[in-house]
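Structure data (mmCIF, C-alpha atoms) from coords_23.cif:
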data_protein
#
loop_
_atom_site.label_atom_id
_atom_site.label_comp_id
_atom_site.auth_asym_id
_atom_site.auth_seq_id
_atom_site.Cartn_x
_atom_site.Cartn_y
_atom_site.Cartn_z
CA MET Q 791 8.63 27.51 -12.39
CA GLU Q 792 7.43 25.32 -9.52
CA THR Q 793 8.27 21.61 -9.70
CA GLN Q 794 5.96 18.87 -8.51
CA PRO Q 795 7.21 16.62 -5.71
CA VAL Q 796 8.46 13.23 -6.84
CA PRO Q 797 6.04 10.41 -5.88
CA ARG Q 798 7.44 8.46 -2.90
CA VAL Q 799 6.76 5.19 -1.13
CA ILE Q 800 4.35 5.94 1.71
CA HIS Q 801 3.06 2.53 2.82
CA PHE Q 802 3.98 -1.14 2.71
CA GLU Q 803 1.80 -4.24 2.77
CA LEU Q 804 2.85 -7.70 3.84
CA GLY Q 805 0.75 -10.47 2.30
CA VAL Q 806 0.76 -13.42 4.69
CA ASP Q 807 -0.92 -16.77 5.44
CA ASP Q 808 -1.91 -15.89 9.01
CA PRO Q 809 -2.24 -12.18 9.85
CA GLU Q 810 -2.59 -12.76 13.61
CA ARG Q 811 0.62 -14.80 13.68
CA ALA Q 812 2.43 -12.24 11.51
CA THR Q 813 1.36 -9.24 13.62
CA LYS Q 814 2.61 -11.08 16.73
CA PHE Q 815 5.93 -11.85 15.01
CA TYR Q 816 6.58 -8.21 14.06
CA ALA Q 817 5.54 -7.01 17.52
CA ASP Q 818 7.84 -9.53 19.23
CA VAL Q 819 10.82 -8.85 16.96
CA PHE Q 820 10.59 -5.13 16.17
CA GLY Q 821 8.02 -3.78 18.63
CA TRP Q 822 5.62 -2.77 15.84
CA LYS Q 823 2.04 -2.02 16.88
CA SER Q 824 -0.78 -3.51 14.80
CA ASP Q 825 -4.47 -2.60 14.94
CA LYS Q 826 -7.19 -4.42 13.04
CA TRP Q 827 -8.79 -1.99 10.58
CA ASP Q 828 -12.56 -1.68 10.62
CA GLY Q 829 -12.92 -1.75 6.85
CA PRO Q 830 -14.35 -3.88 4.08
CA HIS Q 831 -11.33 -6.26 4.08
CA GLU Q 832 -9.40 -8.14 6.75
CA TYR Q 833 -6.48 -5.76 7.31
CA TRP Q 834 -4.15 -4.73 10.13
CA LEU Q 835 -2.63 -1.24 10.19
CA VAL Q 836 1.01 -1.39 11.32
CA THR Q 837 2.78 1.45 13.11
CA THR Q 838 6.55 0.99 12.90
CA GLY Q 839 7.59 3.97 15.01
CA PRO Q 840 6.69 7.44 16.25
CA GLU Q 841 5.54 10.16 13.85
CA GLY Q 842 8.34 12.46 12.75
CA THR Q 843 10.99 9.72 12.70
CA PRO Q 844 12.39 8.15 9.50
CA GLY Q 845 10.43 5.26 8.04
CA ILE Q 846 6.93 4.39 6.90
CA ASN Q 847 4.00 2.53 8.36
CA GLY Q 848 2.15 -0.24 6.62
CA GLY Q 849 -0.34 -3.05 6.76
CA ILE Q 850 -0.64 -6.80 7.04
CA MET Q 851 -3.25 -8.69 5.09
CA ARG Q 852 -4.04 -12.25 4.11
CA HIS Q 853 -2.52 -12.76 0.66
CA MET Q 854 -5.05 -13.29 -2.10
CA ASP Q 855 -3.13 -15.65 -4.37
CA GLY Q 856 -1.09 -17.92 -2.09
CA HIS Q 857 2.14 -15.97 -2.64
CA PRO Q 858 3.56 -14.12 0.38
CA ARG Q 859 5.05 -10.80 -0.71
CA THR Q 860 5.79 -7.23 0.24
CA VAL Q 861 4.04 -4.51 -1.75
CA ASN Q 862 5.09 -0.87 -1.56
CA THR Q 863 2.47 1.82 -2.20
CA ILE Q 864 3.48 5.08 -3.84
CA ASP Q 865 1.69 8.40 -3.24
CA VAL Q 866 0.55 9.97 -6.52
CA PRO Q 867 -1.32 13.23 -7.12
CA ASN Q 868 -3.57 11.82 -9.88
CA LEU Q 869 -4.17 8.06 -9.96
CA ASP Q 870 -5.68 7.97 -13.45
CA GLU Q 871 -2.66 9.82 -14.86
CA PHE Q 872 -0.18 7.46 -13.19
CA MET Q 873 -2.13 4.35 -14.25
CA ALA Q 874 -1.76 5.59 -17.84
CA LYS Q 875 1.98 6.22 -17.28
CA VAL Q 876 2.42 2.64 -16.02
CA LYS Q 877 0.86 1.26 -19.22
CA THR Q 878 2.84 3.61 -21.48
CA ALA Q 879 6.10 2.57 -19.80
CA GLY Q 880 5.40 -1.13 -20.40
CA GLY Q 881 3.84 -2.05 -17.07
CA LYS Q 882 0.36 -3.39 -16.39
CA ILE Q 883 -2.53 -2.54 -14.10
CA ALA Q 884 -3.06 -5.59 -11.89
CA VAL Q 885 -6.01 -4.23 -9.86
CA GLU Q 886 -8.10 -1.35 -11.19
CA LYS Q 887 -8.78 1.86 -9.25
CA MET Q 888 -10.91 1.34 -6.16
CA PRO Q 889 -12.02 3.59 -3.31
CA ILE Q 890 -10.65 3.13 0.20
CA PRO Q 891 -13.34 4.80 2.35
CA GLY Q 892 -12.10 7.95 4.05
CA VAL Q 893 -8.58 7.54 2.65
CA GLY Q 894 -8.47 7.82 -1.14
CA PHE Q 895 -8.22 5.77 -4.29
CA LEU Q 896 -5.89 2.79 -4.76
CA ALA Q 897 -4.77 0.72 -7.74
CA TYR Q 898 -2.09 -1.94 -8.11
CA GLY Q 899 0.32 -2.20 -11.02
CA THR Q 900 3.24 -4.33 -12.11
CA ASP Q 901 6.47 -3.03 -13.54
CA THR Q 902 8.24 -4.42 -16.60
CA GLU Q 903 9.84 -7.10 -14.37
CA GLY Q 904 6.58 -8.31 -12.81
CA ASN Q 905 7.00 -6.56 -9.43
CA LEU Q 906 3.69 -5.60 -7.85
CA PHE Q 907 3.23 -2.09 -6.38
CA GLY Q 908 0.37 0.10 -5.20
CA MET Q 909 -0.48 3.68 -6.14
CA MET Q 910 -2.57 5.85 -3.79
CA GLN Q 911 -4.29 9.16 -4.50
CA HIS Q 912 -5.38 10.71 -1.21
CA ASP Q 913 -9.01 11.82 -1.12
CA PRO Q 914 -10.83 11.72 2.24
CA ALA Q 915 -14.17 11.88 0.36
CA ALA Q 916 -13.50 8.49 -1.30
CA GLY Q 917 -16.01 5.86 -0.49
#

Could you rewrite the structure in this file as C-alpha cells?
Amino acid sequence: METQPVPRVIHFELGVDDPERATKFYADVFGWKSDKWDGPHEYWLVTTGPEGTPGINGGIMRHMDGHPRTVNTIDVPNLDEFMAKVKTAGGKIAVEKMPIPGVGFLAYGTDTEGNLFGMMQHDPAAG
C-alpha cells in the first residue's frame, strides 16, 4: 500500500507596513533577494537561498488588517478536502479558495488557537 506524502510548509509570507523597507531589511541582514511579482496584488517574491539547499522561499506583502505577522503556507494535494478537514478539526476558513494565476489555488485558515496559515494546491492552469 502506497502512502501519501505528509503536507509540508512550502512558503512563508511576511505581512508588513512597508514592503519596500522590509525587502531592503531582509536583503541587508540575510542577503535575501526580492522581486516584485507582476500579479493582481502588491507582492514581492523572496528567494532565501539557492535551490537544493535546506529552507523555503516566501513573499512579502502589505498586511491587510494592520497586524504584522508571518503566515506559513502548506502544500496540499486537494484544497477542498483540506478546507473540510480544517473545519472538522475545529479550525476556520479565514479566506475562501481563490486562484493564483499560473500557480494554483490558495485558501487561508486558522487553527484552534487562532493562528493563520495558508493552504496551496498546485495547478498551473489556475487563473

Worksheet item: Of the candidates Q:Gly839, Q:Gly829, Q:Gly908, Q:Gly880, which one gets nearest to Asp865 in chain Q if we count only C-alpha atoms?
Response: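 The shortest atom-to-atom distance to Asp865 in chain Q comes from Q:Gly908.
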
Practice prompt. Give as number ranges by chain the residues that the PyMOL selection byres ((chain Q and resi 806) around 8) matches when applied to the coordinates above.
Written response: Q: 804-805, 807-809, 812, 850-853, 857-859

Worksheet item: On this structure, which residues satisfy the PyMOL selection byres ((chain Q and resi 902) around 6), written as a list in words?
Response: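 Expected selection for the PyMOL selection byres ((chain Q and resi 902) around 6) here is Gly880, Gly881, Asp901, Glu903 and Gly904 of chain Q.
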
Fill in: Long-range neighbours of Val796 in chain Q as a list of chain:residue names, 12 Å cut-off, all atoms listed in the file, 5 positions minimum in chain
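Everything that qualifies: Q:Ile864, Q:Asp865, Q:Val866, Q:Pro867.
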
Worksheet item: If I put a ball of radius 8 Å at (-3.4, 5.5, -3.4) in the file's coordinates, which residues poke into it when counting all atoms listed in the file, written as a PyMOL selection string?
Response: chain Q and resi 863-866+869+894-897+908-912

Discussion item. Applying the PyMOL selection byres ((chain Q and resi 885) around 8) to the file I just gave you, which residues come out? Please list them as a list of chain:residue names.
Written reply: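 Expected selection for the PyMOL selection byres ((chain Q and resi 885) around 8) here is Q:Ile883, Q:Ala884, Q:Glu886, Q:Lys887, Q:Ala897, Q:Tyr898, Q:Gly899.
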
With C-alpha atoms retained, write the just-selected residues as a PDB file, keeping the file's coordinate frame.
ATOM      1  CA  ILE Q 883      -2.530  -2.540 -14.100  1.00  0.00           C
ATOM      2  CA  ALA Q 884      -3.060  -5.590 -11.890  1.00  0.00           C
ATOM      3  CA  GLU Q 886      -8.100  -1.350 -11.190  1.00  0.00           C
ATOM      4  CA  LYS Q 887      -8.780   1.860  -9.250  1.00  0.00           C
ATOM      5  CA  ALA Q 897      -4.770   0.720  -7.740  1.00  0.00           C
ATOM      6  CA  TYR Q 898      -2.090  -1.940  -8.110  1.00  0.00           C
ATOM      7  CA  GLY Q 899       0.320  -2.200 -11.020  1.00  0.00           C
TER       8      GLY Q 899
END

Worksheet item: Quick one: of Q:Val799, Q:Leu835, Q:Ile890, Q:Val876, who's nearest to Thr813 in chain Q, counting all atoms listed in the file?
Response: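 Comparing Q:Val799, Q:Leu835, Q:Ile890, Q:Val876 against Thr813 in chain Q, the winner is Q:Leu835.
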
Discussion item. Considering all atoms listed in the file, can you say which of Q:Gly842, Q:Pro797, Q:Trp834, Q:Asp870 comes closest to Tyr816 in chain Q?
Written reply: Q:Trp834
